[in-house]
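Reproduced below: work_38.csv, with CSV, N, CA and C atoms.
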```
chain,number,residue,atom,x,y,z
Q,1,MET,N,199.4,80.2,-50.7
Q,1,MET,CA,198.6,79.0,-50.5
Q,1,MET,C,197.1,79.5,-50.3
Q,2,TYR,N,196.2,78.8,-50.9
Q,2,TYR,CA,194.8,79.1,-50.9
Q,2,TYR,C,194.2,78.6,-49.5
Q,3,THR,N,193.5,79.5,-48.9
Q,3,THR,CA,192.8,79.2,-47.6
Q,3,THR,C,191.3,79.5,-47.8
Q,4,PRO,N,190.5,78.4,-47.9
Q,4,PRO,CA,189.1,78.6,-48.1
Q,4,PRO,C,188.5,79.5,-47.0
Q,5,LYS,N,187.5,80.3,-47.4
Q,5,LYS,CA,186.8,81.2,-46.4
Q,5,LYS,C,185.4,81.2,-46.7
Q,6,PRO,N,184.7,80.1,-46.4
Q,6,PRO,CA,183.2,80.1,-46.7
Q,6,PRO,C,182.5,81.0,-45.7
Q,7,MET,N,181.4,81.5,-46.2
Q,7,MET,CA,180.6,82.4,-45.3
Q,7,MET,C,180.2,81.6,-44.1
Q,8,ASP,N,180.3,82.2,-42.9
Q,8,ASP,CA,179.9,81.6,-41.7
Q,8,ASP,C,178.4,81.7,-41.6
Q,9,VAL,N,177.7,80.6,-41.7
Q,9,VAL,CA,176.2,80.6,-41.7
Q,9,VAL,C,175.7,79.6,-40.6
Q,10,HIS,N,176.5,79.2,-39.7
Q,10,HIS,CA,176.1,78.2,-38.7
Q,10,HIS,C,175.0,78.7,-37.8
Q,11,HIS,N,174.9,80.1,-37.7
Q,11,HIS,CA,173.9,80.7,-36.8
Q,11,HIS,C,172.6,80.8,-37.5
Q,12,ILE,N,172.5,80.6,-38.8
Q,12,ILE,CA,171.2,80.8,-39.5
Q,12,ILE,C,170.3,79.6,-39.2
Q,13,VAL,N,169.1,79.9,-38.7
Q,13,VAL,CA,168.1,78.8,-38.5
Q,13,VAL,C,167.1,78.9,-39.6
Q,14,LEU,N,167.0,77.8,-40.3
Q,14,LEU,CA,166.0,77.8,-41.4
Q,14,LEU,C,164.6,77.4,-40.9
Q,15,PRO,N,163.6,78.0,-41.5
Q,15,PRO,CA,162.3,77.5,-41.2
Q,15,PRO,C,162.1,76.1,-41.8
Q,16,GLU,N,161.1,75.4,-41.2
Q,16,GLU,CA,160.9,74.0,-41.7
Q,16,GLU,C,160.6,73.9,-43.2
Q,17,SER,N,159.9,74.9,-43.7
Q,17,SER,CA,159.6,74.9,-45.1
Q,17,SER,C,160.9,74.8,-46.0
Q,18,LEU,N,161.9,75.5,-45.6
Q,18,LEU,CA,163.2,75.5,-46.3
Q,18,LEU,C,164.0,74.2,-46.0
Q,19,LEU,N,163.9,73.8,-44.8
Q,19,LEU,CA,164.6,72.5,-44.5
Q,19,LEU,C,164.1,71.4,-45.3
Q,20,GLN,N,162.8,71.4,-45.7
Q,20,GLN,CA,162.2,70.4,-46.5
Q,20,GLN,C,162.8,70.4,-47.9
Q,21,LEU,N,163.3,71.6,-48.4
Q,21,LEU,CA,163.9,71.7,-49.7
Q,21,LEU,C,165.2,71.0,-49.8
Q,22,THR,N,165.9,70.9,-48.6
Q,22,THR,CA,167.2,70.4,-48.6
Q,22,THR,C,167.4,69.1,-49.4
Q,23,GLU,N,166.5,68.1,-49.2
Q,23,GLU,CA,166.6,66.8,-49.8
Q,23,GLU,C,166.4,67.0,-51.4
Q,24,GLN,N,165.5,67.8,-51.8
Q,24,GLN,CA,165.3,68.0,-53.2
Q,24,GLN,C,166.5,68.7,-53.9
Q,25,ILE,N,167.0,69.6,-53.2
Q,25,ILE,CA,168.2,70.3,-53.7
Q,25,ILE,C,169.4,69.3,-53.7
Q,26,ALA,N,169.6,68.6,-52.7
Q,26,ALA,CA,170.7,67.6,-52.6
Q,26,ALA,C,170.6,66.6,-53.8
Q,27,GLU,N,169.4,66.1,-54.1
Q,27,GLU,CA,169.2,65.2,-55.2
Q,27,GLU,C,169.5,65.9,-56.5
Q,28,ASN,N,169.1,67.2,-56.7
Q,28,ASN,CA,169.5,67.9,-57.9
Q,28,ASN,C,171.0,68.2,-58.0
Q,29,VAL,N,171.6,68.4,-56.9
Q,29,VAL,CA,173.1,68.6,-56.9
Q,29,VAL,C,173.7,67.3,-57.4
Q,30,HIS,N,173.3,66.1,-57.0
Q,30,HIS,CA,173.8,64.9,-57.4
Q,30,HIS,C,173.5,64.7,-58.9
Q,31,GLU,N,172.3,65.0,-59.4
Q,31,GLU,CA,172.0,64.9,-60.8
Q,31,GLU,C,172.9,65.7,-61.7
Q,32,ASN,N,173.1,66.9,-61.2
Q,32,ASN,CA,174.0,67.8,-62.0
Q,32,ASN,C,175.4,67.3,-62.0
Q,33,TRP,N,175.9,66.8,-60.9
Q,33,TRP,CA,177.3,66.2,-60.8
Q,33,TRP,C,177.4,65.0,-61.7
Q,34,ALA,N,176.4,64.1,-61.7
Q,34,ALA,CA,176.4,62.9,-62.5
Q,34,ALA,C,176.4,63.3,-64.0
Q,35,ALA,N,175.5,64.2,-64.4
Q,35,ALA,CA,175.4,64.6,-65.8
Q,35,ALA,C,176.8,65.2,-66.2
Q,36,ASN,N,177.4,66.0,-65.4
Q,36,ASN,CA,178.8,66.5,-65.8
Q,36,ASN,C,179.8,65.4,-65.9
Q,37,ARG,N,179.8,64.4,-65.0
Q,37,ARG,CA,180.7,63.3,-65.1
Q,37,ARG,C,180.5,62.5,-66.3
Q,38,ILE,N,179.3,62.2,-66.6
Q,38,ILE,CA,179.0,61.4,-67.8
Q,38,ILE,C,179.4,62.2,-69.1
Q,39,ALA,N,179.2,63.5,-69.1
Q,39,ALA,CA,179.6,64.3,-70.2
Q,39,ALA,C,181.2,64.3,-70.4
Q,40,GLU,N,181.9,64.1,-69.3
Q,40,GLU,CA,183.3,64.0,-69.3
Q,40,GLU,C,183.9,62.6,-69.6
Q,41,GLY,N,182.9,61.7,-69.8
Q,41,GLY,CA,183.4,60.3,-70.1
Q,41,GLY,C,183.4,59.4,-69.0
Q,42,TRP,N,183.0,59.8,-67.8
Q,42,TRP,CA,183.0,58.9,-66.7
Q,42,TRP,C,181.8,57.8,-66.8
Q,43,VAL,N,182.0,56.7,-66.2
Q,43,VAL,CA,181.0,55.6,-66.3
Q,43,VAL,C,181.0,55.0,-64.9
Q,44,TYR,N,179.9,54.2,-64.7
Q,44,TYR,CA,179.8,53.5,-63.4
Q,44,TYR,C,180.9,52.4,-63.3
Q,45,GLY,N,181.4,52.3,-62.1
Q,45,GLY,CA,182.4,51.2,-61.8
Q,45,GLY,C,182.3,50.9,-60.3
Q,46,PRO,N,182.6,49.7,-59.9
Q,46,PRO,CA,182.5,49.4,-58.5
Q,46,PRO,C,183.5,50.2,-57.6
Q,47,GLU,N,184.6,50.7,-58.2
Q,47,GLU,CA,185.5,51.5,-57.4
Q,47,GLU,C,185.9,52.8,-58.2
Q,48,ARG,N,186.2,53.8,-57.5
Q,48,ARG,CA,186.7,55.0,-58.2
Q,48,ARG,C,188.1,54.8,-58.8
Q,49,ASP,N,188.2,55.1,-60.1
Q,49,ASP,CA,189.5,55.0,-60.8
Q,49,ASP,C,189.6,56.2,-61.7
Q,50,ASP,N,190.4,57.2,-61.3
Q,50,ASP,CA,190.5,58.4,-62.1
Q,50,ASP,C,191.1,58.2,-63.5
Q,51,ASP,N,191.9,57.2,-63.7
Q,51,ASP,CA,192.5,56.9,-65.0
Q,51,ASP,C,191.5,56.3,-65.9
Q,52,LEU,N,190.7,55.3,-65.4
Q,52,LEU,CA,189.6,54.7,-66.2
Q,52,LEU,C,188.3,55.5,-66.2
Q,53,LYS,N,188.3,56.5,-65.4
Q,53,LYS,CA,187.1,57.3,-65.2
Q,53,LYS,C,185.9,56.5,-64.8
Q,54,THR,N,186.0,55.7,-63.7
Q,54,THR,CA,184.9,55.0,-63.2
Q,54,THR,C,184.7,55.5,-61.8
Q,55,THR,N,183.4,55.4,-61.4
Q,55,THR,CA,183.0,55.8,-60.0
Q,55,THR,C,181.7,55.0,-59.6
Q,56,PRO,N,181.7,54.6,-58.4
Q,56,PRO,CA,180.5,53.9,-57.9
Q,56,PRO,C,179.3,54.9,-57.6
Q,57,CYS,N,179.5,56.2,-57.8
Q,57,CYS,CA,178.5,57.1,-57.5
Q,57,CYS,C,177.6,57.5,-58.7
Q,58,LEU,N,177.9,56.9,-59.8
Q,58,LEU,CA,177.0,57.2,-61.0
Q,58,LEU,C,175.8,56.3,-60.9
Q,59,VAL,N,175.0,56.5,-59.9
Q,59,VAL,CA,173.7,55.8,-59.7
Q,59,VAL,C,172.7,56.9,-59.3
Q,60,PRO,N,171.4,56.5,-59.4
Q,60,PRO,CA,170.4,57.5,-58.9
Q,60,PRO,C,170.6,57.8,-57.4
Q,61,TYR,N,170.3,59.0,-57.1
Q,61,TYR,CA,170.5,59.6,-55.7
Q,61,TYR,C,169.9,58.6,-54.7
Q,62,ALA,N,168.8,58.0,-54.9
Q,62,ALA,CA,168.2,57.1,-53.9
Q,62,ALA,C,169.1,55.9,-53.7
Q,63,ASP,N,170.0,55.5,-54.6
Q,63,ASP,CA,170.8,54.4,-54.5
Q,63,ASP,C,172.2,54.7,-53.9
Q,64,LEU,N,172.5,56.0,-53.7
Q,64,LEU,CA,173.8,56.4,-53.1
Q,64,LEU,C,173.9,55.9,-51.7
Q,65,PRO,N,175.2,55.6,-51.3
Q,65,PRO,CA,175.4,55.4,-49.8
Q,65,PRO,C,175.0,56.6,-49.0
Q,66,GLU,N,174.6,56.4,-47.8
Q,66,GLU,CA,174.1,57.5,-47.0
Q,66,GLU,C,175.2,58.6,-46.8
Q,67,GLU,N,176.5,58.2,-46.8
Q,67,GLU,CA,177.6,59.2,-46.6
Q,67,GLU,C,177.7,60.1,-47.8
Q,68,GLU,N,177.4,59.6,-49.0
Q,68,GLU,CA,177.4,60.4,-50.2
Q,68,GLU,C,176.2,61.4,-50.2
Q,69,LYS,N,175.0,60.9,-49.8
Q,69,LYS,CA,173.9,61.7,-49.7
Q,69,LYS,C,174.1,62.9,-48.7
Q,70,GLU,N,174.8,62.6,-47.6
Q,70,GLU,CA,175.1,63.6,-46.6
Q,70,GLU,C,176.0,64.7,-47.2
Q,71,TYR,N,176.9,64.4,-48.1
Q,71,TYR,CA,177.7,65.4,-48.7
Q,71,TYR,C,176.9,66.3,-49.5
Q,72,ASP,N,175.9,65.8,-50.3
Q,72,ASP,CA,175.0,66.6,-51.1
Q,72,ASP,C,174.1,67.4,-50.2
Q,73,ARG,N,173.6,66.8,-49.1
Q,73,ARG,CA,172.7,67.5,-48.2
Q,73,ARG,C,173.4,68.7,-47.6
Q,74,HIS,N,174.7,68.5,-47.2
Q,74,HIS,CA,175.5,69.6,-46.6
Q,74,HIS,C,175.6,70.8,-47.6
Q,75,THR,N,175.9,70.4,-48.8
Q,75,THR,CA,176.0,71.5,-49.9
Q,75,THR,C,174.7,72.2,-50.0
Q,76,ALA,N,173.6,71.5,-50.0
Q,76,ALA,CA,172.2,72.1,-50.1
Q,76,ALA,C,171.9,73.0,-48.9
Q,77,LEU,N,172.2,72.5,-47.7
Q,77,LEU,CA,171.9,73.2,-46.5
Q,77,LEU,C,172.7,74.5,-46.4
Q,78,GLN,N,174.0,74.4,-46.7
Q,78,GLN,CA,174.8,75.6,-46.6
Q,78,GLN,C,174.4,76.6,-47.6
Q,79,THR,N,174.0,76.2,-48.8
Q,79,THR,CA,173.5,77.1,-49.8
Q,79,THR,C,172.3,77.8,-49.4
Q,80,LEU,N,171.3,77.1,-48.9
Q,80,LEU,CA,170.1,77.7,-48.4
Q,80,LEU,C,170.4,78.7,-47.2
Q,81,ARG,N,171.3,78.3,-46.3
Q,81,ARG,CA,171.6,79.2,-45.2
Q,81,ARG,C,172.3,80.5,-45.8
Q,82,MET,N,173.2,80.3,-46.8
Q,82,MET,CA,173.8,81.5,-47.3
Q,82,MET,C,172.8,82.5,-48.0
Q,83,ILE,N,171.9,81.9,-48.7
Q,83,ILE,CA,170.9,82.7,-49.4
Q,83,ILE,C,170.1,83.5,-48.3
Q,84,VAL,N,169.7,82.9,-47.2
Q,84,VAL,CA,169.0,83.6,-46.2
Q,84,VAL,C,169.9,84.6,-45.5
Q,85,ALA,N,171.1,84.3,-45.2
Q,85,ALA,CA,172.1,85.2,-44.6
Q,85,ALA,C,172.3,86.4,-45.4
Q,86,LEU,N,172.2,86.3,-46.7
Q,86,LEU,CA,172.4,87.5,-47.6
Q,86,LEU,C,171.1,88.3,-47.7
Q,87,GLY,N,170.1,87.9,-47.0
Q,87,GLY,CA,168.9,88.7,-47.0
Q,87,GLY,C,167.8,88.4,-47.9
Q,88,TYR,N,167.9,87.3,-48.7
Q,88,TYR,CA,166.9,86.9,-49.6
Q,88,TYR,C,165.8,86.1,-48.9
Q,89,LYS,N,164.7,86.1,-49.5
Q,89,LYS,CA,163.5,85.3,-49.1
Q,89,LYS,C,163.2,84.3,-50.1
Q,90,ILE,N,162.9,83.1,-49.7
Q,90,ILE,CA,162.6,82.0,-50.6
Q,90,ILE,C,161.1,81.7,-50.3
Q,91,GLU,N,160.3,81.9,-51.3
Q,91,GLU,CA,158.9,81.6,-51.1
Q,91,GLU,C,158.4,80.7,-52.3
Q,92,LYS,N,157.5,79.8,-51.9
Q,92,LYS,CA,156.9,78.9,-52.9
Q,92,LYS,C,155.8,79.7,-53.6
Q,93,GLY,N,155.9,79.7,-55.0
Q,93,GLY,CA,154.9,80.4,-55.8
Q,93,GLY,C,154.8,79.7,-57.1
Q,94,ASN,N,154.1,80.4,-58.0
Q,94,ASN,CA,154.0,79.9,-59.3
Q,94,ASN,C,155.3,80.0,-60.1
Q,95,MET,N,155.5,78.9,-60.9
Q,95,MET,CA,156.7,78.9,-61.7
Q,95,MET,C,156.4,79.8,-63.0
Q,96,LEU,N,157.4,80.4,-63.4
Q,96,LEU,CA,157.3,81.3,-64.6
Q,96,LEU,C,157.3,80.4,-65.9
```

Show the structure stored in the file as structure tokens.
Amino acid sequence: MYTPKPMDVHHIVLPESLLQLTEQIAENVHENWAANRIAEGWVYGPERDDDLKTTPCLVPYADLPEEEKEYDRHTALQTLRMIVALGYKIEKGNML
């Protein structure tokens, strides 16, 4: 049986500059999820139905219920913490 073992990053304290990235990353996580769902044939529907491939979450991030946004924020925050825990630095600079 599979037992998930995510990296323990609860002790990582992120600077404010990285915390501000959380919402942008969360929105991008949702955009990628939505694009993948649409590519798989999913469409908006008032209720999730796996057989009909409908979901109420195929809306812009701003229109998601707060609980759905929190799921994406958690993913973003844990990812940022893991990057820092692995010793990487994230700095704002010029885009290539």

Looking at all atoms listed in the file, which of Q:Arg73, Q:Lys53, Q:Arg37, Q:Arg81 is the one that sits closest to His10 in chain Q? Q:Arg81

Go ahead and compute the interatomic distance for atom C of Cys57 in chain Q and atom N of Ala76 in chain Q, in Å to one decimal. 17.0 Å

Surrounding residues of Leu77 in chain Q excluding itself and chain neighbours under 6 positions, 12 Å, only C-alpha atoms, as a PDB file with N, CA and C atoms, in the frame of the given file:
```
ATOM      1  N   VAL Q   9     177.700  80.600 -41.700  1.00  0.00           N
ATOM      2  CA  VAL Q   9     176.200  80.600 -41.700  1.00  0.00           C
ATOM      3  C   VAL Q   9     175.700  79.600 -40.600  1.00  0.00           C
ATOM      4  N   HIS Q  10     176.500  79.200 -39.700  1.00  0.00           N
ATOM      5  CA  HIS Q  10     176.100  78.200 -38.700  1.00  0.00           C
ATOM      6  C   HIS Q  10     175.000  78.700 -37.800  1.00  0.00           C
ATOM      7  N   ILE Q  12     172.500  80.600 -38.800  1.00  0.00           N
ATOM      8  CA  ILE Q  12     171.200  80.800 -39.500  1.00  0.00           C
ATOM      9  C   ILE Q  12     170.300  79.600 -39.200  1.00  0.00           C
ATOM     10  N   VAL Q  13     169.100  79.900 -38.700  1.00  0.00           N
ATOM     11  CA  VAL Q  13     168.100  78.800 -38.500  1.00  0.00           C
ATOM     12  C   VAL Q  13     167.100  78.900 -39.600  1.00  0.00           C
ATOM     13  N   LEU Q  14     167.000  77.800 -40.300  1.00  0.00           N
ATOM     14  CA  LEU Q  14     166.000  77.800 -41.400  1.00  0.00           C
ATOM     15  C   LEU Q  14     164.600  77.400 -40.900  1.00  0.00           C
ATOM     16  N   PRO Q  15     163.600  78.000 -41.500  1.00  0.00           N
ATOM     17  CA  PRO Q  15     162.300  77.500 -41.200  1.00  0.00           C
ATOM     18  C   PRO Q  15     162.100  76.100 -41.800  1.00  0.00           C
ATOM     19  N   LEU Q  18     161.900  75.500 -45.600  1.00  0.00           N
ATOM     20  CA  LEU Q  18     163.200  75.500 -46.300  1.00  0.00           C
ATOM     21  C   LEU Q  18     164.000  74.200 -46.000  1.00  0.00           C
ATOM     22  N   LEU Q  19     163.900  73.800 -44.800  1.00  0.00           N
ATOM     23  CA  LEU Q  19     164.600  72.500 -44.500  1.00  0.00           C
ATOM     24  C   LEU Q  19     164.100  71.400 -45.300  1.00  0.00           C
ATOM     25  N   GLN Q  20     162.800  71.400 -45.700  1.00  0.00           N
ATOM     26  CA  GLN Q  20     162.200  70.400 -46.500  1.00  0.00           C
ATOM     27  C   GLN Q  20     162.800  70.400 -47.900  1.00  0.00           C
ATOM     28  N   LEU Q  21     163.300  71.600 -48.400  1.00  0.00           N
ATOM     29  CA  LEU Q  21     163.900  71.700 -49.700  1.00  0.00           C
ATOM     30  C   LEU Q  21     165.200  71.000 -49.800  1.00  0.00           C
ATOM     31  N   THR Q  22     165.900  70.900 -48.600  1.00  0.00           N
ATOM     32  CA  THR Q  22     167.200  70.400 -48.600  1.00  0.00           C
ATOM     33  C   THR Q  22     167.400  69.100 -49.400  1.00  0.00           C
ATOM     34  N   GLU Q  23     166.500  68.100 -49.200  1.00  0.00           N
ATOM     35  CA  GLU Q  23     166.600  66.800 -49.800  1.00  0.00           C
ATOM     36  C   GLU Q  23     166.400  67.000 -51.400  1.00  0.00           C
ATOM     37  N   GLN Q  24     165.500  67.800 -51.800  1.00  0.00           N
ATOM     38  CA  GLN Q  24     165.300  68.000 -53.200  1.00  0.00           C
ATOM     39  C   GLN Q  24     166.500  68.700 -53.900  1.00  0.00           C
ATOM     40  N   ILE Q  25     167.000  69.600 -53.200  1.00  0.00           N
ATOM     41  CA  ILE Q  25     168.200  70.300 -53.700  1.00  0.00           C
ATOM     42  C   ILE Q  25     169.400  69.300 -53.700  1.00  0.00           C
ATOM     43  N   ALA Q  26     169.600  68.600 -52.700  1.00  0.00           N
ATOM     44  CA  ALA Q  26     170.700  67.600 -52.600  1.00  0.00           C
ATOM     45  C   ALA Q  26     170.600  66.600 -53.800  1.00  0.00           C
ATOM     46  N   VAL Q  29     171.600  68.400 -56.900  1.00  0.00           N
ATOM     47  CA  VAL Q  29     173.100  68.600 -56.900  1.00  0.00           C
ATOM     48  C   VAL Q  29     173.700  67.300 -57.400  1.00  0.00           C
ATOM     49  N   GLU Q  70     174.800  62.600 -47.600  1.00  0.00           N
ATOM     50  CA  GLU Q  70     175.100  63.600 -46.600  1.00  0.00           C
ATOM     51  C   GLU Q  70     176.000  64.700 -47.200  1.00  0.00           C
ATOM     52  N   TYR Q  71     176.900  64.400 -48.100  1.00  0.00           N
ATOM     53  CA  TYR Q  71     177.700  65.400 -48.700  1.00  0.00           C
ATOM     54  C   TYR Q  71     176.900  66.300 -49.500  1.00  0.00           C
ATOM     55  N   ILE Q  83     171.900  81.900 -48.700  1.00  0.00           N
ATOM     56  CA  ILE Q  83     170.900  82.700 -49.400  1.00  0.00           C
ATOM     57  C   ILE Q  83     170.100  83.500 -48.300  1.00  0.00           C
ATOM     58  N   VAL Q  84     169.700  82.900 -47.200  1.00  0.00           N
ATOM     59  CA  VAL Q  84     169.000  83.600 -46.200  1.00  0.00           C
ATOM     60  C   VAL Q  84     169.900  84.600 -45.500  1.00  0.00           C
TER      61      VAL Q  84
END
```

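With distances restricted to only C-alpha atoms, Q:Gln78 is the closest residue to Met7 in chain Q from Q:Asn28, Q:Asn36, Q:Gln78, Q:Thr55.
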
If DSSP is run on the backbone, what residues of chain Q are strand (DSSP E)? A reply as a list in words would be ideal.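 For chain Q, the strand (DSSP E) set is Val43, Tyr44, Thr54 and Thr55 of chain Q.
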
Work out how far apart CA of Ala35 in chain Q and CA of Arg48 in chain Q are and give it in Å to one decimal.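 These two atoms are separated by 16.7 Å.
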
Looking only at the backbone, which of the residues in chain Q does DSSP tag as helix (DSSP H, G or I), as a VMD selection string? chain Q and resid 16 to 19 21 to 39 61 to 63 66 to 85
